[in-house]
Amino acid sequence: MQQNQTPAEELLGFNNPQYDLAAKRILSERAVAAYLLKGTVPEFKEASLADIADKYIEGEIKVSSVPVNPGKTNAASKPQKIKGLRNEAGDPTEGWITFDVVFHAVAPKTGERIRLIINLEAQKTFSESKLKYLLMKRAVFYASRLISSQKETEFSGSDYSGIKKVYTIWICMESPVEKSVINHYRLTERQVFGKYKEPQENYDLLNIVMVYLGQGPVRNRMLSMLQVIFQETTKSAEEKSEILKKKFDIEVTSEMEEELRTMCNLSEGIYERGMSQGMARGAETKTIEIIKNLWKKGMDIDFIKDVTSWTEEQIMKVVKKDK
């Protein structure tokens, strides 16, 4: 196990590509994505989970297939018509990265259906020291790419009126304040001089939602569901499936249960290794205390070696440190 890992990293398998992919695939399940939309996107606040999953999420949900980098997200050669988000290959030498999960959704508003572009990202940590960058600035970059990449996919030429509203939603497996948090960032208008007011729908196009999962129970169904999926390390995939069915009315598909099983198996392996290391550290601490006590009572080094099975060098290190 790597040093200086957070509890989320120690108990979860996000350092493992298999775990990472399984997590993304679970987020791409329509029933799970519906919870995320209802819990974070205002347009879906009044919609039912069933309607969001069955009516409002459009087409295929793409997992780790749409590139983020400029020139890749909407790479094309003079397209004749708008084709929407595509699953395309990029140049491996450029080292581009992909959005975790991307899909279209339509939201009912005053009788109309407003088309949105949704991006879901699973993130193990927000720590700048571990990531070597600020997670919020990466989220801003992703949101900006979701806007700029619409040219020649969602609209053509200079028809900027066709730009669709975007949401990039980040699920982070730890919280900067221990408790769970949901923050929403968006463009707003500030009238500096005069009284003109631009219609909100003309500029309210870029949205970032940060979901930080903390420890302990929460009075929020979406957060509670995410905790069951990503933070519960003591339950099997079958037990998690049963909870998701009974408590959250999620019909767990065989594919989803298989992804849960992959995550559970990896988490259990990491958890068991962590427990073993913890037990070893506990035994070492106890032995150190025994050495200190015996030395203070004047016992000779050979006696302490017999009692602890430690070498003279190890024992003297403890004694010197204690002094």
# chains A, B, ... in the order shown; residues from 1 in each chain; ligands from 1
$ select_by_dssp --residues "segment 105-170 of chain A" --states "strand (DSSP E)" --output "list in words"
Ala105, Val106, Ala107, Pro108, Lys109, Glu112, Arg113, Ile114, Arg115, Leu116, Ile117, Ile118, Asn119, Leu120, Glu121, Ala122, Gln123, Lys165, Val166, Tyr167, Thr168, Ile169 and Trp170 of chain A
$ select_by_dssp --residues "segment 200-235 of chain A" --states "helix (DSSP H, G or I)" --output "ChimeraX atom specification"
/A:200-202,221-230
$ residues_around --residues "segment 292-297 of chain A" --least-positions-apart "2" --cutoff "12 Å" --atoms "only C-alpha atoms" --output "PyMOL selection string"
chain A and resi 285-290+299-308+315-323
$ atom_distance --atom1 "atom CA of Arg221 of chain A" --atom2 "atom CA of Glu255 of chain A"
22.9 Å
$ residues_around --residues "Leu205 of chain A" --least-positions-apart "5" --cutoff "9 Å" --atoms "only C-alpha atoms" --output "ChimeraX atom specification"
/A:147,163-167,186-187
